[in-house]
Amino acid sequence: MQQGKIVKKNHGFGTVAVYLTSISSVLGAILFLRFGYATGTLGFWGAIGIILLGHMITIPTALALSELATNTRVEGGGEYFIISRSFGLKVGSTIGITLFLSQTISIAFYIIAFTESFQFLFEWCRTQFDINLPKQVVSVPTMLILGAVILKQGSGSGMKLLYIVNVVLAISLLFFFLGKPVEMPDDPAYMAGNNFGFFRKEQFFILFAICFPAFTGMTAGVGLSGDLRNPGKAIPLGTMLGTVTGLLVYIFVVWKFAVSASQTDLMEDQMIMSRIASYGRVIIPIGLAACTSSSAIGSMIVAPRTLQAIASDKMFPFRRFNILLSRGRGETKEPRNASVIVYLIAIVFILLGDVDSVAGVISMFFLITYGTLCLSSFLNHFGSPPSYRPRFKSKWYLSLAGFLLSVWVMFMISPLYTFLSYLLIIIIYLFVVHYNKDQKGLVNIFKGVLFQLNRQLQVYMQKHQSGMDTEEWRPAAICVSSHSFEREKILELMKWISRQYGFGAYFHLIKGYYSKQTYKESKVLLEQLINNTKDRGSTLYIDTMISPSYTSAIAQVIQTPSISGMENNMVIFEYDKRYPDELREILDNVNLIRAGNFDVGILAISEHFVRPANGIHVWIREHDRNNTNFMILLGYIILSHPDWKRSHLKIFLTSAREEMKEAKKELEERIAAGRLPITLSNIEFVMLDEEHTFGSVVQEHSSQAGLTIIGFHEDIIKHEPVAFFSEFKNMGDIFFVNSSSSKEIT
């Protein structure tokens with residue numbers, strides 16, 4: 001292996017190879033065959049618009065590629081390697097497969113375009129022998145000859161051809177710029193036109209789809225990554241030089257078209273360059289043949305390496321298929337087997353397609369790839385992972401703009417094809433996920449982004465915490481319990497409270513001192529708890545707490561910052577009604593909680609099953625002024641959970657007979673003022689007297705309730721707390737609550 005790497009480094013390509021591969025693909029078939037038509041159809045400024053919009057996508061992509069390539073050691077596979085190491089193999093191979101297909105179809109596109117340089121041959125056969133030869137007579141043998149040369153000689157022979165064809169391409173363009181304007185006939189019907197004076201926007205995106213593959217060649221050199229001496233240097237420099245060179249050449253070519261030919265000539269003669277250039281009848285067909293063959297060679301070198309890299313990562317479902325395609329010949333690991341597959345697919349498209357239709361397909365696939373590369377760069381900027389330290393840095397807003405433009409342009413070209421393209425991506429992704437469950441998927445892409453969002457929100461919430469104190473109350477509840485595995489009801493209550501309107505954090509208490517042993521135990525128990533609640537659609541945050549006592553655990557938790565971004569404002573306890581000692585331990589800690597102005601909740605757990613259909617009963621007494629809104633809000637928050645979707649809220653207002661009218665009037669005023677989100681139909685008035693104590697009427701009306709909410713105040717804690725909480729024995733679950741302050745309902 002070491003010897004192979006040394007040989008590869010000594011004999012690998014450099015920046016020039018990346019530049020020539022890129023520029024020969026950029027200045028290719030579209031330049032010779034379609035930009036004259038685009039200028040005639042859209043006018044000078046419309047054609048310039050295509051160039052600028054295309055480069056508004058390709059330049060951010062080139063910058064993103066350069067950035068990603070200098071962050072890690074780039075190996076074989078080019079763009080696929082960069083995407084897969086940035087997004088993970090599942091996403092990377094999904095995009096890699098579409099990239100491979102677009103590179104393979106590009107071969108067919110360039111070979112079909114190459115055939116256009118033999119137009120004189122087809123015309124000669126038609127005029128001399130009245131034979132209409134199919135273009136496949138030239139395109140298929142050309143494909144077979146080029147494929148055979150590369151298979152036999154390797155990528156080195158392809159690069160030697162690139163040097164030759166780039167020289168021919170440069171000479172062709174030089175003669176084109178030296179050419180004179182086309183003479184126009186004196187026919188009044190002849191549409192001379194002013195190529196600077198019109199712009200047909202309705203045809204803009206149709207022509208953009210046809211012309212965009214002209215700009216995609218700027219990433220062609222990246223596919224040589226496995227054959228480069230120093231990819232981190234060659235890829236950024238070669239790619240950027242190729243992109244800028246292509247931009248300038250296209251602008252000057254469009255200007256030359258606009259000043260050298262009429263609108264009619266530009267639209268009707270796809271070989272108009274040959275009429276403009278000096279010695280164009282000979283030079284331009286040779287230049288077209290040179291650029292299209294070089295572009296085809298570039299794609300024929302790159303596409304098999306992408307396929308080989310995907311197979312090397314074992315992303316195809318069949319082991320033997322991966323082994324077969326990942327094999328390489330010689331010390332440079334020439335992808336012979338992958339090349340055969342690529343060339344066979346290309347021949348199929350050569351037999352079926354034409355220039356325009358194939359160009360449209362390529363545009364969609366490349367736009368997806370470029371958008372993904374820009375998105376990868378943006379997410380790395382935003383997520384700021386410590387491992388992301390590129391030597392070359394783009395700007396996050398350029399990467400974001402490149403991604404958004406790619407998606408927007410796809411929809412502007414064809415919403416249907418955009419939908420089908422993304423549907424294909426989804427199908428490929430699901431296929432890859434099915435056979436590669438152990439690899440990183442979509443979740444891993446956004447971990448850094450979510451981390452940064454959470455960090456920013458935490459800081460923002462802390463800075464604006466003072467203003468939130470006066471806003472509508474929402475729960476940020478915490479609970480500490482050592483009974484997590486035998487009592488599910490407390491986890492259920494925390495889940496109900498935290499689902500939509502609030503936040504909940506549950507800590508499983510492990511009594512003891514922090515040590516290596518208790519730490520290991522905490523991790524095992526935490527995993528079990530998470531697995532137990534995973535399938536319930538819970539939004540509850542779960543953790544473990546190691547502490548020598550219940551009191552010390554509570555003291556730790558109430559001083560711990562909330563990960564919700566807002567301060568914790570409520571502490572919930574739980575106890576089993578059958579074990580009064582647990583209640584005493586809770587009551588001993590209530591004053592500790594009240595010292596921090598926390599709202600307090602105590603769940604008294606019964607042996608009864610929860611019956612949501614029987615409703616939530618809220619009991620309000622005269623001295624529950626602070627608790628009233630608090631209890632009603634908690635009732636509605638719990639009802640919002642799907643577990644209670646067929647339930648209802650019932651409010652009981654208790655008072656002595658002589659005070660009932662006054663209490664009823666006050667409640668009606670509060671409802672009318674909109675301060676309580678209830679109606680009188682939700683309320684039942686219950687009178688208390690010597691025979692009907694509070695405990696007896698609660699048990700009479702709410703013994704079968706799904707959940708009963710009862711308020712308590714500080715005086716109860718100071719005097720006979722056990723007697724009060726133990727008064728409701730023959731009932732279901734009761735949630736005792738105490739609000740630190742009156743809550744506003746807005």
# chains A, B, ... in the order shown; residues from 1 in each chain; ligands from 1
$ residues_around --residues "Ile30 in chain A" --least-positions-apart "2" --cutoff "12 Å" --atoms "only C-alpha atoms" --output "ChimeraX atom specification"
/A:24-28,32-38,51,106,109-110,112-114,116,207-217,250,253,270-271,273,288,291-292,295,355-356,358-359
$ residues_around --residues "Ser655 in chain A" --least-positions-apart "6" --cutoff "9 Å" --atoms "only C-alpha atoms" --output "number ranges by chain"
A: 620-622, 663, 685-689
$ write_last_selection --atoms "N, CA and C atoms" --output "compact mmCIF listing (two decimals), in the first residue's frame"
# COMPACT_ATOMS: atom_id res chain seq x y z
N ILE A 620 -61.22 24.25 42.65
CA ILE A 620 -60.80 25.60 43.03
C ILE A 620 -61.53 26.00 44.31
N ARG A 621 -60.73 26.45 45.28
CA ARG A 621 -61.29 26.96 46.54
C ARG A 621 -61.06 28.47 46.64
N GLU A 622 -61.65 29.08 47.66
CA GLU A 622 -61.56 30.53 47.81
C GLU A 622 -60.11 31.00 47.91
N ALA A 663 -68.73 34.38 44.96
CA ALA A 663 -67.69 33.64 44.24
C ALA A 663 -68.09 33.40 42.78
N PHE A 685 -70.62 24.40 40.50
CA PHE A 685 -70.46 25.04 41.80
C PHE A 685 -70.86 24.04 42.89
N VAL A 686 -69.97 23.88 43.86
CA VAL A 686 -70.19 22.91 44.94
C VAL A 686 -70.11 23.65 46.27
N MET A 687 -71.17 23.53 47.06
CA MET A 687 -71.21 24.22 48.35
C MET A 687 -70.63 23.31 49.44
N LEU A 688 -69.93 23.94 50.37
CA LEU A 688 -69.34 23.24 51.50
C LEU A 688 -70.07 23.63 52.78
N ASP A 689 -70.22 22.67 53.65
CA ASP A 689 -70.77 22.93 54.99
C ASP A 689 -70.17 21.91 55.93
$ residues_around --residues "Leu649 in chain A" --least-positions-apart "2" --cutoff "7 Å" --atoms "only C-alpha atoms" --output "number ranges by chain"
A: 615-617, 635, 651, 682
$ write_last_selection --atoms "all heavy atoms" --output "mmCIF file, in the first residue's frame"
data_model
loop_
_atom_site.group_PDB
_atom_site.id
_atom_site.type_symbol
_atom_site.label_atom_id
_atom_site.label_comp_id
_atom_site.auth_asym_id
_atom_site.auth_seq_id
_atom_site.Cartn_x
_atom_site.Cartn_y
_atom_site.Cartn_z
ATOM 1 N N GLY A 615 -62.150 12.551 31.925
ATOM 2 C CA GLY A 615 -61.843 13.969 32.040
ATOM 3 C C GLY A 615 -60.825 14.327 33.102
ATOM 4 O O GLY A 615 -60.426 13.509 33.937
ATOM 5 N N ILE A 616 -60.429 15.597 33.043
ATOM 6 C CA ILE A 616 -59.551 16.182 34.052
ATOM 7 C C ILE A 616 -60.400 17.096 34.924
ATOM 8 O O ILE A 616 -61.075 18.002 34.421
ATOM 9 C CB ILE A 616 -58.405 16.988 33.396
ATOM 10 C CG1 ILE A 616 -57.515 16.063 32.562
ATOM 11 C CG2 ILE A 616 -57.575 17.707 34.452
ATOM 12 C CD1 ILE A 616 -56.434 16.795 31.779
ATOM 13 N N HIS A 617 -60.363 16.855 36.223
ATOM 14 C CA HIS A 617 -61.151 17.645 37.171
ATOM 15 C C HIS A 617 -60.237 18.609 37.907
ATOM 16 O O HIS A 617 -59.218 18.200 38.487
ATOM 17 C CB HIS A 617 -61.871 16.742 38.164
ATOM 18 C CG HIS A 617 -62.984 15.943 37.546
ATOM 19 N ND1 HIS A 617 -63.874 15.189 38.291
ATOM 20 C CD2 HIS A 617 -63.366 15.783 36.246
ATOM 21 C CE1 HIS A 617 -64.739 14.597 37.478
ATOM 22 N NE2 HIS A 617 -64.449 14.936 36.230
ATOM 23 N N GLY A 635 -54.391 22.116 33.163
ATOM 24 C CA GLY A 635 -55.413 21.218 32.637
ATOM 25 C C GLY A 635 -55.473 21.254 31.124
ATOM 26 O O GLY A 635 -55.511 20.206 30.458
ATOM 27 N N ILE A 651 -64.340 21.938 35.825
ATOM 28 C CA ILE A 651 -63.868 22.776 36.921
ATOM 29 C C ILE A 651 -64.934 22.817 38.011
ATOM 30 O O ILE A 651 -66.118 23.075 37.744
ATOM 31 C CB ILE A 651 -63.566 24.198 36.426
ATOM 32 C CG1 ILE A 651 -62.428 24.158 35.403
ATOM 33 C CG2 ILE A 651 -63.189 25.116 37.590
ATOM 34 C CD1 ILE A 651 -62.161 25.481 34.737
ATOM 35 N N ASN A 682 -68.307 24.615 31.622
ATOM 36 C CA ASN A 682 -67.216 23.806 32.165
ATOM 37 C C ASN A 682 -67.231 23.764 33.692
ATOM 38 O O ASN A 682 -66.492 22.990 34.301
ATOM 39 C CB ASN A 682 -65.845 24.380 31.749
ATOM 40 C CG ASN A 682 -65.596 24.291 30.265
ATOM 41 O OD1 ASN A 682 -65.796 25.253 29.549
ATOM 42 N ND2 ASN A 682 -65.159 23.125 29.821
#
$ atom_distance --atom1 "CA of Leu174 in chain A" --atom2 "CA of Ala277 in chain A"
8.5 Å
$ closest_residue --among "A:Thr98, A:Leu525, A:Leu133, A:Ile83" --to "Leu375 in chain A" --atoms "only C-alpha atoms"
A:Ile83
$ closest_residue --among "A:Ser549, A:Ser739, A:Thr243, A:Gln263" --to "Leu52 in chain A" --atoms "only C-alpha atoms"
A:Thr243
$ residues_around --residues "range 481-485 of chain A" --least-positions-apart "5" --cutoff "10 Å" --atoms "only C-alpha atoms" --output "list in words"
Ile490, Leu491, Tyr506, Phe507, His508, Leu509, Ile510, Lys511, Leu525, Gln528, Leu529, Asn532, Thr544, Met545, Tyr550, Ala553, Ile554, Ile572, Phe573, Glu574, Tyr575 and Asp576 of chain A
$ select_by_dssp --residues "range 296-379 of chain A" --states "alpha helix (DSSP H)" --output "ChimeraX atom specification"
/A:296-312,319-326,336-352,355-379
$ closest_residue --among "A:Asn322, A:Ser538, A:Ser377, A:Thr127" --to "Ala338 in chain A" --atoms "only C-alpha atoms"
A:Asn322
$ closest_residue --among "A:Val590, A:Val137, A:Ile710, A:Val698" --to "Ile350 in chain A" --atoms "only C-alpha atoms"
A:Val137
$ closest_residue --among "A:Ser172, A:Ser262, A:Ser399, A:Thr533" --to "Tyr279 in chain A" --atoms "only C-alpha atoms"
A:Ser172
$ closest_residue --among "A:Val524, A:Glu714, A:Ile530, A:Trp496" --to "Asp599 in chain A" --atoms "only C-alpha atoms"
A:Glu714
$ residues_around --residues "range 405-418 of chain A" --least-positions-apart "5" --cutoff "6 Å" --atoms "only C-alpha atoms" --output "list in words"
Phe205, Leu367 and Gly371 of chain A
$ closest_atom_pairs --of "range 290-371 of chain A" --to "range 18-22 of chain A" --cutoff "12 Å" --atoms "only C-alpha atoms" --output "tab-separated table"
residue	atom	partner	partner_atom	distance
A:Cys291	CA	A:Thr21	CA	10.6
A:Thr292	CA	A:Thr21	CA	11.9
A:Ser293	CA	A:Thr21	CA	11.6
A:Ser294	CA	A:Thr21	CA	8.0
A:Ser295	CA	A:Thr21	CA	7.6
A:Ala296	CA	A:Thr21	CA	10.3
A:Ile297	CA	A:Thr21	CA	8.9
A:Gly298	CA	A:Thr21	CA	5.9
A:Ser299	CA	A:Thr21	CA	9.0
A:Met300	CA	A:Thr21	CA	11.3
A:Ile301	CA	A:Thr21	CA	9.8
A:Val302	CA	A:Thr21	CA	9.8
$ atom_distance --atom1 "CA of Asp643 in chain A" --atom2 "CA of Glu527 in chain A"
24.5 Å
$ residues_around --residues "Leu634 in chain A" --least-positions-apart "2" --cutoff "12 Å" --atoms "only C-alpha atoms" --output "PyMOL selection string"
chain A and resi 473-477+493-494+496-498+501-502+570+599+601+616-618+627-632+636-641+649+677+707-711+735-739+743+745
$ residues_around --residues "Pro181 in chain A" --least-positions-apart "4" --cutoff "6 Å" --atoms "only C-alpha atoms" --output "list in words"
Ser260, Ala261 and Ile276 of chain A
$ atom_distance --atom1 "CA of Thr41 in chain A" --atom2 "CA of Met267 in chain A"
6.5 Å
$ decode --residues "range 288-311 of chain A" --atoms "N, CA, C and O atoms" --output "mmCIF file, in the first residue's frame"
data_model
loop_
_atom_site.group_PDB
_atom_site.id
_atom_site.type_symbol
_atom_site.label_atom_id
_atom_site.label_comp_id
_atom_site.auth_asym_id
_atom_site.auth_seq_id
_atom_site.Cartn_x
_atom_site.Cartn_y
_atom_site.Cartn_z
ATOM 1 N N LEU A 288 -14.625 22.065 -32.986
ATOM 2 C CA LEU A 288 -15.764 21.372 -32.385
ATOM 3 C C LEU A 288 -15.416 19.929 -32.086
ATOM 4 O O LEU A 288 -15.710 19.414 -30.993
ATOM 5 N N ALA A 289 -14.793 19.273 -33.048
ATOM 6 C CA ALA A 289 -14.390 17.882 -32.823
ATOM 7 C C ALA A 289 -13.400 17.779 -31.676
ATOM 8 O O ALA A 289 -13.470 16.860 -30.847
ATOM 9 N N ALA A 290 -12.477 18.742 -31.613
ATOM 10 C CA ALA A 290 -11.462 18.712 -30.556
ATOM 11 C C ALA A 290 -12.088 18.919 -29.183
ATOM 12 O O ALA A 290 -11.815 18.162 -28.240
ATOM 13 N N CYS A 291 -12.947 19.959 -29.052
ATOM 14 C CA CYS A 291 -13.498 20.262 -27.728
ATOM 15 C C CYS A 291 -14.481 19.196 -27.258
ATOM 16 O O CYS A 291 -14.497 18.829 -26.078
ATOM 17 N N THR A 292 -15.308 18.693 -28.182
ATOM 18 C CA THR A 292 -16.267 17.665 -27.765
ATOM 19 C C THR A 292 -15.575 16.354 -27.439
ATOM 20 O O THR A 292 -15.959 15.663 -26.489
ATOM 21 N N SER A 293 -14.547 16.011 -28.228
ATOM 22 C CA SER A 293 -13.812 14.778 -27.913
ATOM 23 C C SER A 293 -13.058 14.921 -26.604
ATOM 24 O O SER A 293 -12.996 13.981 -25.795
ATOM 25 N N SER A 294 -12.487 16.129 -26.330
ATOM 26 C CA SER A 294 -11.774 16.318 -25.069
ATOM 27 C C SER A 294 -12.735 16.278 -23.890
ATOM 28 O O SER A 294 -12.423 15.723 -22.833
ATOM 29 N N SER A 295 -13.920 16.890 -24.065
ATOM 30 C CA SER A 295 -14.924 16.847 -22.997
ATOM 31 C C SER A 295 -15.373 15.418 -22.746
ATOM 32 O O SER A 295 -15.557 14.997 -21.599
ATOM 33 N N ALA A 296 -15.566 14.677 -23.853
ATOM 34 C CA ALA A 296 -15.945 13.274 -23.725
ATOM 35 C C ALA A 296 -14.865 12.491 -22.999
ATOM 36 O O ALA A 296 -15.150 11.673 -22.108
ATOM 37 N N ILE A 297 -13.605 12.755 -23.347
ATOM 38 C CA ILE A 297 -12.487 12.065 -22.689
ATOM 39 C C ILE A 297 -12.464 12.399 -21.202
ATOM 40 O O ILE A 297 -12.269 11.519 -20.351
ATOM 41 N N GLY A 298 -12.665 13.708 -20.880
ATOM 42 C CA GLY A 298 -12.685 14.103 -19.470
ATOM 43 C C GLY A 298 -13.753 13.357 -18.695
ATOM 44 O O GLY A 298 -13.503 12.841 -17.601
ATOM 45 N N SER A 299 -14.956 13.279 -19.266
ATOM 46 C CA SER A 299 -16.038 12.555 -18.591
ATOM 47 C C SER A 299 -15.770 11.055 -18.540
ATOM 48 O O SER A 299 -16.139 10.377 -17.579
ATOM 49 N N MET A 300 -15.118 10.534 -19.585
ATOM 50 C CA MET A 300 -14.799 9.100 -19.614
ATOM 51 C C MET A 300 -13.727 8.742 -18.586
ATOM 52 O O MET A 300 -13.635 7.600 -18.139
ATOM 53 N N ILE A 301 -12.917 9.724 -18.204
ATOM 54 C CA ILE A 301 -11.933 9.499 -17.147
ATOM 55 C C ILE A 301 -12.579 9.625 -15.771
ATOM 56 O O ILE A 301 -12.306 8.844 -14.862
ATOM 57 N N VAL A 302 -13.467 10.613 -15.627
ATOM 58 C CA VAL A 302 -14.024 10.954 -14.314
ATOM 59 C C VAL A 302 -15.132 9.997 -13.878
ATOM 60 O O VAL A 302 -15.148 9.526 -12.736
ATOM 61 N N ALA A 303 -16.096 9.700 -14.756
ATOM 62 C CA ALA A 303 -17.266 8.895 -14.373
ATOM 63 C C ALA A 303 -16.892 7.525 -13.800
ATOM 64 O O ALA A 303 -17.435 7.122 -12.760
ATOM 65 N N PRO A 304 -15.978 6.778 -14.416
ATOM 66 C CA PRO A 304 -15.610 5.482 -13.827
ATOM 67 C C PRO A 304 -14.984 5.611 -12.441
ATOM 68 O O PRO A 304 -15.166 4.737 -11.589
ATOM 69 N N ARG A 305 -14.263 6.704 -12.189
ATOM 70 C CA ARG A 305 -13.654 6.895 -10.880
ATOM 71 C C ARG A 305 -14.691 7.195 -9.802
ATOM 72 O O ARG A 305 -14.529 6.805 -8.650
ATOM 73 N N THR A 306 -15.749 7.894 -10.191
ATOM 74 C CA THR A 306 -16.851 8.101 -9.244
ATOM 75 C C THR A 306 -17.511 6.776 -8.905
ATOM 76 O O THR A 306 -17.766 6.471 -7.729
ATOM 77 N N LEU A 307 -17.790 5.971 -9.928
ATOM 78 C CA LEU A 307 -18.401 4.657 -9.703
ATOM 79 C C LEU A 307 -17.482 3.771 -8.875
ATOM 80 O O LEU A 307 -17.932 3.056 -7.965
ATOM 81 N N GLN A 308 -16.189 3.789 -9.173
ATOM 82 C CA GLN A 308 -15.219 2.988 -8.421
ATOM 83 C C GLN A 308 -15.186 3.404 -6.945
ATOM 84 O O GLN A 308 -15.120 2.548 -6.049
ATOM 85 N N ALA A 309 -15.242 4.712 -6.681
ATOM 86 C CA ALA A 309 -15.198 5.200 -5.301
ATOM 87 C C ALA A 309 -16.440 4.775 -4.515
ATOM 88 O O ALA A 309 -16.350 4.404 -3.340
ATOM 89 N N ILE A 310 -17.618 4.829 -5.172
ATOM 90 C CA ILE A 310 -18.857 4.387 -4.505
ATOM 91 C C ILE A 310 -18.762 2.909 -4.156
ATOM 92 O O ILE A 310 -19.131 2.484 -3.048
ATOM 93 N N ALA A 311 -18.266 2.109 -5.098
ATOM 94 C CA ALA A 311 -18.114 0.672 -4.855
ATOM 95 C C ALA A 311 -17.068 0.404 -3.781
ATOM 96 O O ALA A 311 -17.222 -0.528 -2.969
#
